[in-house]
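Q: Pasting coords.cif below, which is mmCIF, C-alpha atoms.
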data_final
#
loop_
_atom_site.label_atom_id
_atom_site.label_comp_id
_atom_site.auth_asym_id
_atom_site.auth_seq_id
_atom_site.Cartn_x
_atom_site.Cartn_y
_atom_site.Cartn_z
CA MET A 1 36.88 -16.37 17.67
CA ASN A 2 39.12 -14.51 20.09
CA THR A 3 42.16 -16.40 21.38
CA GLY A 4 42.49 -14.31 24.54
CA ILE A 5 40.80 -14.71 27.92
CA CYS A 6 37.79 -12.75 29.11
CA TYR A 7 38.24 -11.85 32.78
CA ILE A 8 35.08 -10.81 34.62
CA PHE A 9 35.13 -9.31 38.12
CA GLY A 10 32.01 -9.39 40.28
CA ALA A 11 30.97 -8.12 43.69
CA GLY A 12 31.38 -11.40 45.59
CA ASP A 13 34.26 -12.46 47.82
CA ARG A 14 37.56 -10.93 46.72
CA THR A 15 40.45 -13.27 46.08
CA LEU A 16 44.04 -12.09 46.06
CA CYS A 17 45.19 -12.62 42.50
CA HIS A 18 48.00 -11.72 40.16
CA ILE A 19 46.98 -11.67 36.52
CA GLU A 20 49.37 -11.11 33.64
CA LEU A 21 47.25 -9.77 30.81
CA THR A 22 47.99 -10.07 27.12
CA GLU A 23 46.82 -7.75 24.35
CA GLU A 24 44.13 -10.25 23.41
CA ASP A 25 42.56 -10.38 26.87
CA LEU A 26 39.44 -8.51 27.94
CA VAL A 27 38.69 -7.29 31.48
CA ILE A 28 35.06 -6.57 32.40
CA ALA A 29 33.88 -5.11 35.71
CA ALA A 30 30.34 -6.22 36.54
CA ASP A 31 28.86 -3.64 38.91
CA GLY A 32 30.66 -3.92 42.28
CA GLY A 33 33.47 -5.76 40.54
CA PHE A 34 34.77 -2.27 39.72
CA ASP A 35 35.65 -1.85 43.42
CA TYR A 36 37.47 -5.19 43.29
CA LEU A 37 39.57 -4.04 40.32
CA GLU A 38 40.41 -0.74 42.01
CA GLU A 39 41.56 -2.67 45.08
CA ILE A 40 44.01 -4.84 43.10
CA GLY A 41 45.07 -2.05 40.76
CA LEU A 42 43.76 -3.53 37.53
CA ARG A 43 42.03 -1.46 34.85
CA ALA A 44 38.75 -2.57 33.28
CA ASP A 45 38.26 -2.45 29.52
CA CYS A 46 34.52 -2.29 30.13
CA VAL A 47 32.41 -1.41 33.18
CA LEU A 48 28.74 -2.37 33.19
CA GLY A 49 25.77 -3.03 35.45
CA ASP A 50 22.94 -1.34 37.28
CA PHE A 51 25.50 -0.17 39.88
CA ASP A 52 23.43 -1.01 42.93
CA SER A 53 26.42 -2.55 44.72
CA VAL A 54 29.38 -0.43 43.60
CA GLU A 55 30.96 1.86 46.22
CA SER A 56 33.48 3.78 44.15
CA TYR A 57 32.81 7.32 42.97
CA ASN A 58 35.34 6.90 40.14
CA LEU A 59 33.16 5.10 37.60
CA PRO A 60 34.33 5.89 34.06
CA SER A 61 32.17 8.13 31.91
CA ASP A 62 31.79 5.41 29.28
CA CYS A 63 30.42 2.75 31.66
CA ILE A 64 27.35 0.90 30.41
CA ARG A 65 24.35 1.45 32.70
CA TYR A 66 21.37 -0.89 32.89
CA PRO A 67 18.11 -0.49 34.82
CA ARG A 68 17.77 -2.39 38.08
CA LYS A 69 14.63 -4.11 36.76
CA LYS A 70 16.03 -6.44 34.12
CA ASP A 71 16.11 -10.15 33.29
CA ASP A 72 19.91 -10.59 33.10
CA THR A 73 22.13 -10.36 36.15
CA ASP A 74 25.15 -8.08 35.84
CA MET A 75 27.35 -11.19 35.56
CA MET A 76 25.23 -12.55 32.73
CA LEU A 77 25.44 -9.20 30.93
CA ALA A 78 29.23 -9.38 31.20
CA ALA A 79 29.30 -12.97 29.95
CA ARG A 80 27.10 -12.09 26.98
CA LEU A 81 29.39 -9.18 26.13
CA GLY A 82 32.42 -11.47 26.17
CA LEU A 83 30.66 -13.96 23.91
CA ASP A 84 29.64 -11.17 21.52
CA LYS A 85 33.30 -10.18 21.27
CA GLY A 86 34.26 -13.74 20.33
CA TYR A 87 35.76 -15.00 23.59
CA THR A 88 35.49 -18.70 24.44
CA GLU A 89 37.46 -18.80 27.72
CA PHE A 90 36.16 -16.93 30.76
CA ARG A 91 37.70 -16.56 34.21
CA ILE A 92 35.42 -15.01 36.80
CA TYR A 93 36.63 -13.48 40.05
CA GLY A 94 34.30 -12.21 42.75
CA GLY A 95 31.59 -14.63 41.68
CA LEU A 96 31.66 -16.90 44.75
CA GLY A 97 30.83 -16.34 48.40
CA GLY A 98 28.61 -13.55 49.61
CA ARG A 99 24.97 -14.17 48.75
CA LEU A 100 24.17 -17.80 47.99
CA ASP A 101 21.61 -16.84 45.34
CA HIS A 102 24.31 -14.90 43.47
CA THR A 103 26.69 -17.86 43.68
CA LEU A 104 24.01 -20.19 42.27
CA GLY A 105 23.19 -17.62 39.61
CA ASN A 106 26.85 -17.45 38.60
CA ILE A 107 26.98 -21.24 38.28
CA GLN A 108 24.04 -20.88 35.90
CA VAL A 109 26.07 -18.29 33.97
CA LEU A 110 28.81 -20.91 33.57
CA THR A 111 26.19 -23.39 32.39
CA TYR A 112 25.01 -20.88 29.80
CA LEU A 113 28.59 -20.33 28.62
CA SER A 114 29.24 -24.06 28.33
CA ARG A 115 26.15 -24.52 26.18
CA GLN A 116 27.37 -21.74 23.89
CA GLY A 117 30.58 -23.66 23.27
CA ALA A 118 32.63 -21.58 25.74
CA MET A 119 34.34 -22.53 29.01
CA GLY A 120 34.04 -20.53 32.21
CA THR A 121 35.67 -20.89 35.62
CA LEU A 122 34.59 -19.30 38.89
CA ILE A 123 37.74 -18.65 40.92
CA GLY A 124 37.55 -18.29 44.69
CA ASP A 125 40.00 -18.09 47.57
CA THR A 126 39.93 -21.76 48.53
CA TYR A 127 38.24 -23.44 45.57
CA SER A 128 37.32 -23.01 41.91
CA LEU A 129 34.43 -24.33 39.86
CA ARG A 130 34.09 -25.03 36.14
CA VAL A 131 31.07 -26.14 34.12
CA VAL A 132 31.35 -28.22 30.94
CA THR A 133 28.73 -29.57 28.55
CA ASP A 134 29.50 -32.60 26.37
CA SER A 135 33.18 -31.93 26.96
CA VAL A 136 36.24 -32.61 29.10
CA VAL A 137 38.22 -31.04 31.95
CA THR A 138 41.91 -31.88 32.21
CA PHE A 139 44.24 -31.32 35.18
CA GLY A 140 47.92 -31.53 34.30
CA LYS A 141 50.41 -33.03 36.71
CA ASP A 142 52.12 -29.65 37.10
CA LEU A 143 49.03 -27.76 38.30
CA PRO A 144 49.33 -26.60 41.94
CA GLU A 145 45.85 -27.90 42.78
CA ASN A 146 46.79 -31.39 41.54
CA ARG A 147 48.36 -32.49 44.79
CA ALA A 148 47.59 -35.83 46.38
CA GLY A 149 44.69 -35.44 48.78
CA ASN A 150 43.27 -32.20 47.38
CA LEU A 151 39.52 -32.52 46.90
CA CYS A 152 37.76 -32.58 43.54
CA SER A 153 34.00 -33.08 43.26
CA VAL A 154 31.84 -33.65 40.19
CA PHE A 155 28.12 -32.85 40.01
CA SER A 156 25.58 -33.28 37.25
CA LEU A 157 23.77 -30.02 36.52
CA SER A 158 21.60 -31.59 33.84
CA ASP A 159 18.92 -34.11 34.83
CA VAL A 160 21.21 -36.86 33.55
CA SER A 161 24.86 -36.81 32.48
CA VAL A 162 25.70 -39.81 30.35
CA ASN A 163 28.99 -41.64 29.87
CA VAL A 164 30.96 -39.79 32.55
CA THR A 165 34.58 -40.88 32.83
CA ILE A 166 37.02 -39.91 35.59
CA GLN A 167 40.66 -40.89 35.21
CA GLY A 168 43.75 -40.16 37.28
CA LEU A 169 41.87 -39.32 40.49
CA GLU A 170 41.55 -41.49 43.60
CA TYR A 171 38.18 -42.87 42.48
CA GLU A 172 38.01 -43.65 38.79
CA VAL A 173 34.92 -44.49 36.75
CA GLU A 174 34.38 -45.36 33.12
CA GLY A 175 31.16 -44.57 31.28
CA THR A 176 29.00 -44.03 34.36
CA THR A 177 25.79 -41.98 34.63
CA LEU A 178 25.37 -39.08 37.04
CA THR A 179 22.10 -37.35 37.91
CA ASN A 180 21.29 -34.02 39.55
CA SER A 181 19.42 -35.76 42.37
CA PHE A 182 22.25 -37.87 43.86
CA PRO A 183 25.74 -36.55 44.84
CA LEU A 184 27.71 -39.59 43.69
CA GLY A 185 30.74 -37.59 42.53
CA ILE A 186 31.44 -35.66 45.72
CA SER A 187 34.77 -35.70 47.59
CA ASN A 188 37.05 -37.36 45.06
CA GLU A 189 40.76 -36.60 45.43
CA PHE A 190 43.67 -35.65 43.22
CA THR A 191 46.58 -38.08 43.12
CA GLY A 192 49.28 -36.02 41.39
CA ARG A 193 48.68 -37.90 38.15
CA LYS A 194 47.09 -36.26 35.12
CA GLY A 195 43.37 -36.00 35.82
CA ILE A 196 40.69 -36.24 33.14
CA ILE A 197 36.95 -35.72 33.70
CA SER A 198 34.70 -36.05 30.66
CA VAL A 199 31.00 -36.29 29.84
CA GLN A 200 29.63 -37.48 26.51
CA LYS A 201 26.17 -35.98 26.93
CA GLY A 202 25.18 -33.68 29.76
CA THR A 203 26.46 -30.79 31.88
CA LEU A 204 28.89 -31.23 34.76
CA ALA A 205 30.08 -28.88 37.47
CA VAL A 206 33.66 -29.70 38.51
CA LEU A 207 34.77 -28.17 41.80
CA TRP A 208 38.32 -28.40 43.09
CA GLN A 209 40.21 -27.30 46.16
CA HIS A 210 43.19 -24.99 45.72
#
Take the structure in the file and write it out as structure tokens.
A:
Amino acid sequence: MNTGICYIFGAGDRTLCHIELTEEDLVIAADGGFDYLEEIGLRADCVLGDFDSVESYNLPSDCIRYPRKKDDTDMMLAARLGLDKGYTEFRIYGGLGGRLDHTLGNIQVLTYLSRQGAMGTLIGDTYSLRVVTDSVVTFGKDLPENRAGNLCSVFSLSDVSVNVTIQGLEYEVEGTTLTNSFPLGISNEFTGRKGIISVQKGTLAVLWQH
């Protein structure tokens, strides 16, 4: 298991970000995510994809090329690579906005990661999204997003999510059941207290406003 963070950059909307990397971290550019990294001045440890959306002419000679006709998206290929290298925490930039089908596909990538025992977060300009399976999401009181009134929504991605508990937010529940056919967990709010969202059995998408 790798104790660092796997950062993946995609070709979606570009968010201004400042990342302080450690020696244990891994940076992957998925196709057009290479342009994103060039824009913010960050170097990729690995560049991969079918390169149908990249604009730069400066692709490294050791980039990993895949055919356009393939089952995995470029983002999934990057996630699989991170898992193969032992990473369990993933932060994905450029995975939201743009094409809706890509955004939905990237949420499925997070679902895949969560069911492999890893945790992934899609980070956008105005909101972020994390998927957890049979696990918990915690928001400390010191987090900038944990300000009273900031929105936080919870959705079931599995048919049924059992024993869902939400504590420290405006609307609290204990041991409730959420389904993927009714948006019961939408538009909750942070309160500035420590927030805890957990599910005993099932997969949840947790979306919060920055």
Q: For Asp62 of chain A, which residue among A:Met1, A:Met75, A:Ala44, A:Ile196 is the nearest when counting all atoms listed in the file?
A: A:Ala44
Q: List the spatial neighbours of segment 120-123 of chain A as a list in words - criterion: any atom at most 9 Å away, only C-alpha atoms, same-chain residues fewer than 3 positions off excluded.
A: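 Here the qualifying residues turn out to be Thr15, Thr88, Glu89, Phe90, Arg91, Ile92, Tyr93, Gly94, Gly95, Leu96, Asn106, Ile107, Val109, Leu110, Thr111, Leu113, Ser114, Thr126, Tyr127, Ser128, Leu129, Arg130, Val131 and Val132 of chain A.
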Q: For atom CA of Lys201 of chain A and atom CA of Met76 of chain A, quote the distance in Å rounded to one decimal.
A: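 Value for the atom CA of Lys201 of chain A-atom CA of Met76 of chain A distance: 24.2 Å.
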Q: I'd like the residues picked by the PyMOL selection byres ((chain A and resi 71-74) around 8) written out as a PyMOL selection string, using the chain letters and numbers from the file.
A: chain A and resi 30-31+48-50+69-70+75-78
Q: For a quick check of understanding, using all atoms listed in the file, which of A:Gly168, A:Ser61, A:Thr176, A:Val162 has the smallest distance to Gly202 of chain A?
A: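 The closest residue to Gly202 of chain A is A:Val162.
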Q: Quick one: distance from atom CA of Thr103 of chain A to atom CA of Cys17 of chain A in Å, one decimal?
A: 19.3 Å
Q: My list of candidates is A:Val199, A:Tyr87, A:Lys194, A:Glu189. Which is closest to Thr177 of chain A when distances are computed with all atoms listed in the file?
A: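 Going through A:Val199, A:Tyr87, A:Lys194, A:Glu189 one by one, the smallest distance to Thr177 of chain A is for A:Val199.
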Q: Tell me which of A:Arg14, A:Arg193, A:Lys85, A:Lys141 sits closest to Gly32 of chain A, counting only C-alpha atoms.
A: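 Ranking A:Arg14, A:Arg193, A:Lys85, A:Lys141 by distance to Gly32 of chain A, first place goes to A:Arg14.
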